[in-house]
>>> print(open('start22.txt').read())   # compact mmCIF, C-alpha atoms
# COMPACT_ATOMS: atom_id res chain seq x y z
CA MET A 1 50.15 192.86 0.04
CA ASP A 2 47.06 191.03 -1.17
CA ASP A 3 46.84 187.24 -1.41
CA SER A 4 47.83 187.05 -5.08
CA ILE A 5 51.03 189.03 -4.41
CA LEU A 6 51.86 186.91 -1.40
CA LEU A 7 51.37 183.77 -3.49
CA ARG A 8 53.41 185.06 -6.45
CA TYR A 9 56.45 185.88 -4.29
CA ASN A 10 55.93 183.16 -1.69
CA ARG A 11 59.26 181.40 -2.33
CA GLN A 12 61.19 184.61 -1.71
CA ILE A 13 59.12 185.69 1.27
CA MET A 14 59.69 182.26 2.87
CA MET A 15 63.42 182.99 3.12
CA THR A 16 64.23 184.55 6.47
CA GLU A 17 66.73 186.91 4.81
CA PHE A 18 63.98 188.47 2.72
CA GLY A 19 60.61 188.02 4.41
CA ILE A 20 57.74 190.40 3.72
CA GLU A 21 59.86 193.48 4.46
CA GLY A 22 62.52 192.50 1.93
CA GLN A 23 59.91 191.68 -0.68
CA GLN A 24 58.25 195.04 -0.11
CA ARG A 25 61.57 196.79 -0.72
CA ILE A 26 61.83 194.89 -4.00
CA ILE A 27 58.30 195.88 -4.99
CA ASP A 28 59.06 199.52 -4.18
CA ALA A 29 62.35 199.55 -6.14
CA ASN A 30 63.23 201.30 -9.39
CA VAL A 31 65.96 199.59 -11.45
CA LEU A 32 67.50 200.92 -14.66
CA VAL A 33 68.77 198.25 -17.08
CA VAL A 34 70.92 199.48 -19.97
CA GLY A 35 71.28 196.87 -22.70
CA LEU A 36 68.73 194.19 -23.64
CA GLY A 37 71.04 191.65 -25.22
CA GLY A 38 72.28 188.38 -23.74
CA LEU A 39 73.01 189.77 -20.28
CA GLY A 40 70.03 192.12 -20.16
CA SER A 41 67.69 189.30 -21.15
CA ALA A 42 68.56 187.19 -18.12
CA VAL A 43 68.75 190.19 -15.79
CA THR A 44 65.36 191.59 -16.73
CA MET A 45 63.53 188.27 -16.66
CA TYR A 46 64.76 187.45 -13.16
CA LEU A 47 64.15 190.98 -11.89
CA ALA A 48 60.65 191.03 -13.36
CA GLY A 49 59.89 187.61 -11.94
CA SER A 50 61.21 188.66 -8.53
CA GLY A 51 58.86 191.63 -8.44
CA ILE A 52 60.98 194.75 -9.03
CA GLY A 53 58.23 197.36 -8.98
CA HIS A 54 59.57 199.56 -11.77
CA LEU A 55 61.94 198.44 -14.49
CA VAL A 56 63.36 201.10 -16.82
CA LEU A 57 64.68 199.44 -19.99
CA ASN A 58 67.10 201.16 -22.35
CA ASP A 59 68.35 199.92 -25.71
CA PHE A 60 68.39 201.47 -29.18
CA ASP A 61 68.70 198.33 -31.30
CA GLN A 62 66.23 196.04 -33.05
CA VAL A 63 65.87 192.28 -32.62
CA ASP A 64 67.82 190.27 -35.19
CA LEU A 65 67.50 186.56 -35.86
CA SER A 66 71.13 186.05 -34.79
CA ASN A 67 70.26 187.48 -31.35
CA LEU A 68 67.86 184.70 -30.37
CA GLN A 69 70.56 182.14 -29.51
CA ARG A 70 71.35 184.07 -26.32
CA GLN A 71 68.88 186.95 -25.93
CA ILE A 72 66.07 184.92 -24.39
CA VAL A 73 63.81 187.85 -23.55
CA HIS A 74 63.12 188.10 -27.31
CA THR A 75 61.26 185.63 -29.56
CA SER A 76 61.15 184.77 -33.24
CA GLN A 77 58.05 186.94 -33.53
CA SER A 78 60.10 189.91 -32.27
CA VAL A 79 62.57 189.96 -35.17
CA GLY A 80 62.62 193.42 -36.69
CA ILE A 81 61.03 195.30 -33.80
CA SER A 82 62.85 197.30 -31.13
CA LYS A 83 64.42 195.34 -28.30
CA VAL A 84 62.69 197.63 -25.81
CA GLU A 85 59.27 196.81 -27.25
CA SER A 86 60.06 193.10 -27.49
CA ALA A 87 61.36 192.89 -23.91
CA THR A 88 58.41 194.88 -22.59
CA GLN A 89 56.00 192.41 -24.17
CA THR A 90 57.80 189.38 -22.69
CA LEU A 91 58.25 190.85 -19.22
CA THR A 92 54.67 192.10 -19.02
CA ALA A 93 53.45 188.61 -19.89
CA LEU A 94 55.75 187.19 -17.22
CA ASN A 95 54.66 189.62 -14.50
CA PRO A 96 51.81 192.06 -15.20
CA GLU A 97 52.11 193.38 -11.62
CA ILE A 98 55.20 195.48 -12.37
CA LYS A 99 55.63 198.79 -14.17
CA ILE A 100 57.91 198.93 -17.20
CA THR A 101 59.22 202.09 -18.85
CA GLY A 102 60.99 201.70 -22.18
CA ILE A 103 63.56 204.10 -23.64
CA ASP A 104 64.45 202.99 -27.18
CA ARG A 105 67.08 205.58 -27.99
CA LYS A 106 70.65 206.36 -27.04
CA MET A 107 70.38 208.79 -24.16
CA SER A 108 72.42 211.94 -23.84
CA ASP A 109 74.70 212.22 -20.79
CA LYS A 110 72.13 214.48 -19.12
CA ALA A 111 69.21 212.13 -19.83
CA LEU A 112 71.26 209.17 -18.62
CA TYR A 113 72.18 211.05 -15.45
CA ASP A 114 68.51 211.82 -14.79
CA GLN A 115 67.51 208.16 -15.13
CA VAL A 116 70.38 206.97 -12.94
CA ALA A 117 69.43 209.52 -10.28
CA LEU A 118 65.90 208.05 -10.16
CA ALA A 119 67.11 204.46 -9.84
CA ASP A 120 67.87 202.46 -6.71
CA VAL A 121 70.31 200.29 -8.68
CA VAL A 122 71.64 200.47 -12.24
CA VAL A 123 72.51 197.43 -14.36
CA ASP A 124 75.21 197.77 -17.01
CA ALA A 125 74.38 195.06 -19.55
CA THR A 126 75.71 196.84 -22.63
CA ASP A 127 78.78 196.09 -24.73
CA ASN A 128 79.23 199.77 -25.64
CA PHE A 129 82.29 201.11 -23.82
CA ASP A 130 81.28 204.77 -24.18
CA ILE A 131 77.95 204.05 -22.52
CA ARG A 132 79.69 202.07 -19.79
CA PHE A 133 81.86 205.06 -18.92
CA ALA A 134 78.88 207.44 -19.01
CA LEU A 135 76.90 205.10 -16.76
CA ASN A 136 79.78 204.93 -14.32
CA GLU A 137 80.11 208.71 -14.17
CA ALA A 138 76.39 209.11 -13.51
CA SER A 139 76.51 206.33 -10.92
CA VAL A 140 79.34 208.02 -9.03
CA ALA A 141 77.75 211.46 -9.27
CA THR A 142 74.43 210.19 -7.87
CA ARG A 143 75.93 207.59 -5.52
CA THR A 144 73.83 204.89 -7.16
CA PRO A 145 75.01 201.25 -7.04
CA LEU A 146 76.09 199.88 -10.42
CA VAL A 147 76.11 196.18 -11.32
CA SER A 148 78.20 195.52 -14.43
CA GLY A 149 78.70 192.40 -16.53
CA ALA A 150 80.30 191.18 -19.76
CA ALA A 151 80.54 187.94 -21.75
CA ILE A 152 82.41 186.71 -24.82
CA ARG A 153 83.11 183.22 -26.19
CA MET A 154 83.01 181.00 -23.04
CA ASP A 155 84.22 183.70 -20.65
CA GLY A 156 82.27 186.08 -18.47
CA GLN A 157 82.84 188.62 -15.75
CA PHE A 158 80.88 190.82 -13.42
CA ALA A 159 81.52 193.44 -10.76
CA VAL A 160 79.52 195.56 -8.34
CA TYR A 161 80.40 199.21 -7.79
CA ARG A 162 79.06 200.94 -4.69
CA PRO A 163 79.66 204.72 -4.78
CA ASP A 164 77.19 204.91 -1.90
CA LEU A 165 79.80 203.19 0.28
CA GLU A 166 83.05 204.76 1.42
CA ASP A 167 86.24 203.81 -0.46
CA SER A 168 84.46 201.65 -3.05
CA PRO A 169 86.25 201.68 -6.44
CA CYS A 170 84.37 202.58 -9.62
CA PHE A 171 84.44 201.20 -13.16
CA ARG A 172 86.98 203.86 -14.17
CA CYS A 173 89.36 202.66 -11.43
CA LEU A 174 89.56 199.38 -13.33
CA TYR A 175 89.29 200.43 -16.97
CA ALA A 176 90.52 203.36 -19.04
CA PRO A 177 89.04 204.39 -22.42
CA GLU A 178 92.03 202.87 -24.22
CA ASP A 179 91.16 199.48 -22.68
CA GLU A 180 88.14 199.02 -24.99
CA PRO A 181 88.16 195.38 -26.15
CA VAL A 182 89.14 194.81 -29.75
CA GLU A 183 87.01 191.66 -29.91
CA ARG A 184 83.21 191.55 -29.77
CA CYS A 185 80.86 188.58 -29.67
CA SER A 186 79.59 189.54 -33.16
CA GLU A 187 83.11 188.75 -34.39
CA THR A 188 84.28 185.94 -32.10
CA GLY A 189 81.01 184.43 -30.85
CA VAL A 190 79.62 183.75 -27.40
CA LEU A 191 77.96 180.78 -25.71
CA GLY A 192 74.42 181.86 -24.90
CA SER A 193 74.29 180.15 -21.54
CA VAL A 194 77.38 182.10 -20.39
CA CYS A 195 75.36 185.28 -20.88
CA GLY A 196 72.63 183.68 -18.79
CA THR A 197 75.07 182.77 -16.03
CA ILE A 198 76.48 186.29 -15.74
CA GLY A 199 73.08 187.93 -16.14
CA ALA A 200 71.58 185.78 -13.40
CA LEU A 201 74.43 186.75 -11.06
CA GLN A 202 73.86 190.40 -11.87
CA ALA A 203 70.17 190.04 -11.03
CA THR A 204 71.05 188.33 -7.75
CA GLU A 205 73.35 191.18 -6.71
CA VAL A 206 70.66 193.74 -7.58
CA LEU A 207 68.14 191.94 -5.38
CA LYS A 208 70.65 191.64 -2.53
CA ILE A 209 71.39 195.36 -2.63
CA ILE A 210 67.73 196.35 -2.69
CA ALA A 211 66.60 193.93 0.00
CA GLY A 212 69.70 194.57 2.12
CA VAL A 213 70.67 190.91 2.43
CA GLY A 214 73.91 188.98 2.14
CA THR A 215 77.42 190.30 1.63
CA SER A 216 78.02 192.99 -0.98
CA ALA A 217 80.28 191.90 -3.84
CA HIS A 218 81.73 195.37 -4.38
CA GLY A 219 85.48 195.84 -4.66
CA LYS A 220 85.96 192.60 -6.55
CA LEU A 221 86.02 191.47 -10.18
CA PHE A 222 84.68 187.96 -10.73
CA LEU A 223 85.99 186.10 -13.80
CA TYR A 224 84.21 183.01 -15.14
CA ASP A 225 85.81 180.45 -17.47
CA ALA A 226 83.00 178.14 -18.59
CA SER A 227 85.29 175.86 -20.59
CA ARG A 228 87.10 174.84 -17.38
CA LEU A 229 84.26 175.64 -14.99
CA GLU A 230 86.60 177.91 -13.04
CA TRP A 231 86.07 181.15 -11.17
CA GLN A 232 88.66 183.77 -10.28
CA GLU A 233 88.19 186.60 -7.84
CA VAL A 234 90.33 189.71 -8.27
CA ARG A 235 90.42 192.49 -5.71
CA ILE A 236 89.83 195.96 -7.19
CA GLN A 237 91.63 198.79 -5.44
CA LYS A 238 90.28 202.33 -5.49
CA ASP A 239 92.51 204.41 -7.75
CA LYS A 240 93.43 207.56 -5.80
CA GLN A 241 94.08 209.26 -9.16
CA CYS A 242 90.77 208.17 -10.69
CA PRO A 243 89.38 211.05 -12.77
CA VAL A 244 85.82 210.04 -11.85
CA CYS A 245 85.40 208.88 -8.25
CA CYS A 246 88.40 210.88 -6.96
CA SER A 247 87.77 213.94 -9.11
CA LEU A 248 86.77 217.33 -7.74
CA ILE A 249 84.76 218.17 -10.86
CA SER A 250 81.22 218.99 -9.81
CA THR A 251 78.16 217.14 -11.05
CA ALA A 252 76.84 220.40 -12.46
CA LYS A 253 79.90 220.83 -14.69
CA VAL A 254 79.68 217.28 -16.01
CA PHE A 255 75.95 216.94 -16.55
CA GLY A 256 74.64 220.49 -16.55
>>> encode(input="start22.txt", output="structure tokens")
Amino acid sequence: MDDSILLRYNRQIMMTEFGIEGQQRIIDANVLVVGLGGLGSAVTMYLAGSGIGHLVLNDFDQVDLSNLQRQIVHTSQSVGISKVESATQTLTALNPEIKITGIDRKMSDKALYDQVALADVVVDATDNFDIRFALNEASVATRTPLVSGAAIRMDGQFAVYRPDLEDSPCFRCLYAPEDEPVERCSETGVLGSVCGTIGALQATEVLKIIAGVGTSAHGKLFLYDASRLEWQEVRIQKDKQCPVCCSLISTAKVFG
């Protein structure tokens, strides 16, 4: 690392848990972030600032004025352009040292699988249930850690799925397709700062996984009630009948 890199990441390197070796792992990492809304905004800004060497950003929406209350990676000047382009501009200005690859389309299952296979960690920051399930399947098939979050009104939740670890549950162990929420923030609203809280926690878990520090949060669902400032922790059990992580269907059959 040259002096400018050492200075930029000095506050992380100073921590004994990270040090230069941990920071180098962060710089060498490839992270896929799917969704550049309220959660993805916070996630990407903290990951870019922390020095993730390669961020792959995926969204197929454009910036709308109503997004700006919570989607802080976008600006008023971004209204009408793709969220991928807007986020790339902001994150490049924040940290020109990192590489950013933008994918501004909905990926096929095969394309999604290929991107997940290249990633060290995947961030699920989308509110699209179909994409969540596809991400989970690709995560399990490639044994890539998945950090998932959600927020609505003044409530948030996040969970870490570690298919690279034995007996870790997956997203499908917790949710079935029929569990898709009937309410969305476009209909019921969401407090912007709640998105920031959950997104920041997602970013923290990504950095912990990559640097190999702290205790992994996998196997638990964390529920946040901002109105009461309360947290709940729910243990997630691996479903022995899970059609994804306990299935014998080969990767080739699913993604080939």
>>> residues_around(input="start22.txt", residues="A:Leu94", least_positions_apart="6", cutoff="9 Å", atoms="all atoms listed in the file", output="short mmCIF file (atom, residue, chain, number, x, y, z; two decimals) with C-alpha atoms, keeping the file's coordinate frame")
data_model
loop_
_atom_site.label_atom_id
_atom_site.label_comp_id
_atom_site.auth_asym_id
_atom_site.auth_seq_id
_atom_site.Cartn_x
_atom_site.Cartn_y
_atom_site.Cartn_z
CA MET A 45 63.53 188.27 -16.66
CA ALA A 48 60.65 191.03 -13.36
CA GLY A 49 59.89 187.61 -11.94
#
>>> closest_residue(input="start22.txt", among="A:Tyr46, A:Leu6, A:Ala138, A:Ser193", to="A:Glu21", atoms="all atoms listed in the file")
A:Leu6
>>> closest_residue(input="start22.txt", among="A:Gln12, A:Gln157, A:Gln69, A:Ser4", to="A:Val234", atoms="only C-alpha atoms")
A:Gln157
>>> axis_aligned_box(input="start22.txt", around="stretch 150-166 of chain A", padding_each_side="3 Å", output="AutoDock Vina command-line options")
--center_x 80.7 --center_y 193.0 --center_z -12.4 --size_x 13.0 --size_y 29.9 --size_z 33.6
>>> residues_around(input="start22.txt", residues="A:Leu91", least_positions_apart="2", cutoff="10 Å", atoms="all atoms listed in the file", output="mmCIF file with C-alpha atoms, keeping the file's coordinate frame")
data_model
loop_
_atom_site.group_PDB
_atom_site.id
_atom_site.type_symbol
_atom_site.label_atom_id
_atom_site.label_comp_id
_atom_site.auth_asym_id
_atom_site.auth_seq_id
_atom_site.Cartn_x
_atom_site.Cartn_y
_atom_site.Cartn_z
ATOM 1 C CA SER A 41 67.690 189.300 -21.150
ATOM 2 C CA THR A 44 65.360 191.590 -16.730
ATOM 3 C CA MET A 45 63.530 188.270 -16.660
ATOM 4 C CA TYR A 46 64.760 187.450 -13.160
ATOM 5 C CA LEU A 47 64.150 190.980 -11.890
ATOM 6 C CA ALA A 48 60.650 191.030 -13.360
ATOM 7 C CA GLY A 49 59.890 187.610 -11.940
ATOM 8 C CA LEU A 55 61.940 198.440 -14.490
ATOM 9 C CA VAL A 73 63.810 187.850 -23.550
ATOM 10 C CA HIS A 74 63.120 188.100 -27.310
ATOM 11 C CA SER A 86 60.060 193.100 -27.490
ATOM 12 C CA ALA A 87 61.360 192.890 -23.910
ATOM 13 C CA THR A 88 58.410 194.880 -22.590
ATOM 14 C CA GLN A 89 56.000 192.410 -24.170
ATOM 15 C CA ALA A 93 53.450 188.610 -19.890
ATOM 16 C CA LEU A 94 55.750 187.190 -17.220
ATOM 17 C CA ASN A 95 54.660 189.620 -14.500
ATOM 18 C CA PRO A 96 51.810 192.060 -15.200
ATOM 19 C CA ILE A 98 55.200 195.480 -12.370
ATOM 20 C CA LYS A 99 55.630 198.790 -14.170
ATOM 21 C CA ILE A 100 57.910 198.930 -17.200
#
>>> atom_distance(input="start22.txt", atom1="atom CA of A:Gly80", atom2="atom CA of A:Leu65")
8.5 Å
>>> atom_distance(input="start22.txt", atom1="atom CA of A:Cys173", atom2="atom CA of A:Phe60")
27.5 Å
>>> atom_distance(input="start22.txt", atom1="atom CA of A:Arg235", atom2="atom CA of A:Cys170")
12.4 Å
>>> residues_around(input="start22.txt", residues="A:Ile27", least_positions_apart="2", cutoff="9 Å", atoms="all atoms listed in the file", output="NGL selection string")
:A and (22-25 or 29-30 or 50-54 or 98)
>>> write_last_selection(input="start22.txt", atoms="C-alpha atoms", output="PDB file, in the coordinates of the input")
ATOM      1  CA  GLY A  22      62.520 192.500   1.930  1.00  0.00           C
ATOM      2  CA  GLN A  23      59.910 191.680  -0.680  1.00  0.00           C
ATOM      3  CA  GLN A  24      58.250 195.040  -0.110  1.00  0.00           C
ATOM      4  CA  ARG A  25      61.570 196.790  -0.720  1.00  0.00           C
ATOM      5  CA  ALA A  29      62.350 199.550  -6.140  1.00  0.00           C
ATOM      6  CA  ASN A  30      63.230 201.300  -9.390  1.00  0.00           C
ATOM      7  CA  SER A  50      61.210 188.660  -8.530  1.00  0.00           C
ATOM      8  CA  GLY A  51      58.860 191.630  -8.440  1.00  0.00           C
ATOM      9  CA  ILE A  52      60.980 194.750  -9.030  1.00  0.00           C
ATOM     10  CA  GLY A  53      58.230 197.360  -8.980  1.00  0.00           C
ATOM     11  CA  HIS A  54      59.570 199.560 -11.770  1.00  0.00           C
ATOM     12  CA  ILE A  98      55.200 195.480 -12.370  1.00  0.00           C
TER      13      ILE A  98
END
>>> closest_residue(input="start22.txt", among="A:Pro177, A:Gly149, A:Pro163, A:Gly102", to="A:Tyr224", atoms="all atoms listed in the file")
A:Gly149
>>> build_atoms(input="start22.txt", residues="stretch 6-41 of chain A", atoms="N, CA and C atoms", output="compact mmCIF listing (two decimals), in the coordinates of the input")
# COMPACT_ATOMS: atom_id res chain seq x y z
N LEU A 6 51.21 187.80 -2.35
CA LEU A 6 51.86 186.91 -1.40
C LEU A 6 52.13 185.55 -2.03
N LEU A 7 51.19 185.07 -2.84
CA LEU A 7 51.37 183.77 -3.49
C LEU A 7 52.45 183.85 -4.58
N ARG A 8 52.44 184.92 -5.36
CA ARG A 8 53.41 185.06 -6.45
C ARG A 8 54.84 185.05 -5.92
N TYR A 9 55.09 185.74 -4.81
CA TYR A 9 56.45 185.88 -4.29
C TYR A 9 56.70 185.02 -3.06
N ASN A 10 55.87 184.00 -2.89
CA ASN A 10 55.93 183.16 -1.69
C ASN A 10 57.31 182.56 -1.45
N ARG A 11 57.98 182.09 -2.51
CA ARG A 11 59.26 181.40 -2.33
C ARG A 11 60.36 182.36 -1.88
N GLN A 12 60.23 183.63 -2.21
CA GLN A 12 61.19 184.61 -1.71
C GLN A 12 60.84 185.02 -0.29
N ILE A 13 59.56 185.25 -0.05
CA ILE A 13 59.12 185.69 1.27
C ILE A 13 59.43 184.63 2.33
N MET A 14 59.41 183.35 1.93
CA MET A 14 59.69 182.26 2.87
C MET A 14 61.11 182.33 3.42
N MET A 15 62.03 182.92 2.66
CA MET A 15 63.42 182.99 3.12
C MET A 15 63.53 184.03 4.22
N THR A 16 64.15 183.64 5.33
CA THR A 16 64.23 184.55 6.47
C THR A 16 65.01 185.81 6.13
N GLU A 17 65.96 185.73 5.17
CA GLU A 17 66.73 186.91 4.81
C GLU A 17 65.87 187.97 4.14
N PHE A 18 64.84 187.54 3.45
CA PHE A 18 63.98 188.47 2.72
C PHE A 18 62.72 188.79 3.53
N GLY A 19 61.86 187.79 3.70
CA GLY A 19 60.61 188.02 4.41
C GLY A 19 59.74 189.03 3.68
N ILE A 20 58.66 189.43 4.33
CA ILE A 20 57.74 190.40 3.72
C ILE A 20 58.41 191.76 3.57
N GLU A 21 59.22 192.16 4.54
CA GLU A 21 59.86 193.48 4.46
C GLU A 21 60.82 193.56 3.27
N GLY A 22 61.61 192.51 3.07
CA GLY A 22 62.52 192.50 1.93
C GLY A 22 61.78 192.50 0.61
N GLN A 23 60.70 191.71 0.55
CA GLN A 23 59.91 191.68 -0.68
C GLN A 23 59.28 193.04 -0.95
N GLN A 24 58.84 193.72 0.09
CA GLN A 24 58.25 195.04 -0.11
C GLN A 24 59.27 196.02 -0.65
N ARG A 25 60.52 195.92 -0.19
CA ARG A 25 61.57 196.79 -0.72
C ARG A 25 61.80 196.52 -2.21
N ILE A 26 61.69 195.25 -2.59
CA ILE A 26 61.83 194.89 -4.00
C ILE A 26 60.68 195.47 -4.82
N ILE A 27 59.48 195.36 -4.30
CA ILE A 27 58.30 195.88 -4.99
C ILE A 27 58.37 197.40 -5.13
N ASP A 28 58.97 198.06 -4.17
CA ASP A 28 59.06 199.52 -4.18
C ASP A 28 60.23 200.04 -5.00
N ALA A 29 61.09 199.14 -5.52
CA ALA A 29 62.35 199.55 -6.14
C ALA A 29 62.19 199.98 -7.59
N ASN A 30 63.11 200.84 -8.00
CA ASN A 30 63.23 201.30 -9.39
C ASN A 30 64.62 200.89 -9.88
N VAL A 31 64.68 200.07 -10.93
CA VAL A 31 65.96 199.59 -11.45
C VAL A 31 66.08 199.96 -12.93
N LEU A 32 67.19 200.58 -13.28
CA LEU A 32 67.50 200.92 -14.66
C LEU A 32 68.40 199.84 -15.26
N VAL A 33 67.98 199.26 -16.38
CA VAL A 33 68.77 198.25 -17.08
C VAL A 33 69.14 198.82 -18.45
N VAL A 34 70.43 198.95 -18.69
CA VAL A 34 70.92 199.48 -19.97
C VAL A 34 71.51 198.32 -20.77
N GLY A 35 70.86 197.99 -21.86
CA GLY A 35 71.28 196.87 -22.70
C GLY A 35 70.33 195.70 -22.56
N LEU A 36 69.70 195.29 -23.66
CA LEU A 36 68.73 194.19 -23.64
C LEU A 36 69.17 193.05 -24.54
N GLY A 37 70.48 192.77 -24.48
CA GLY A 37 71.04 191.65 -25.22
C GLY A 37 71.08 190.40 -24.36
N GLY A 38 72.18 189.64 -24.47
CA GLY A 38 72.28 188.38 -23.74
C GLY A 38 72.25 188.55 -22.24
N LEU A 39 73.00 189.52 -21.73
CA LEU A 39 73.01 189.77 -20.28
C LEU A 39 71.69 190.39 -19.83
N GLY A 40 71.26 191.42 -20.55
CA GLY A 40 70.03 192.12 -20.16
C GLY A 40 68.81 191.22 -20.20
N SER A 41 68.81 190.23 -21.08
CA SER A 41 67.69 189.30 -21.15
C SER A 41 67.52 188.54 -19.83
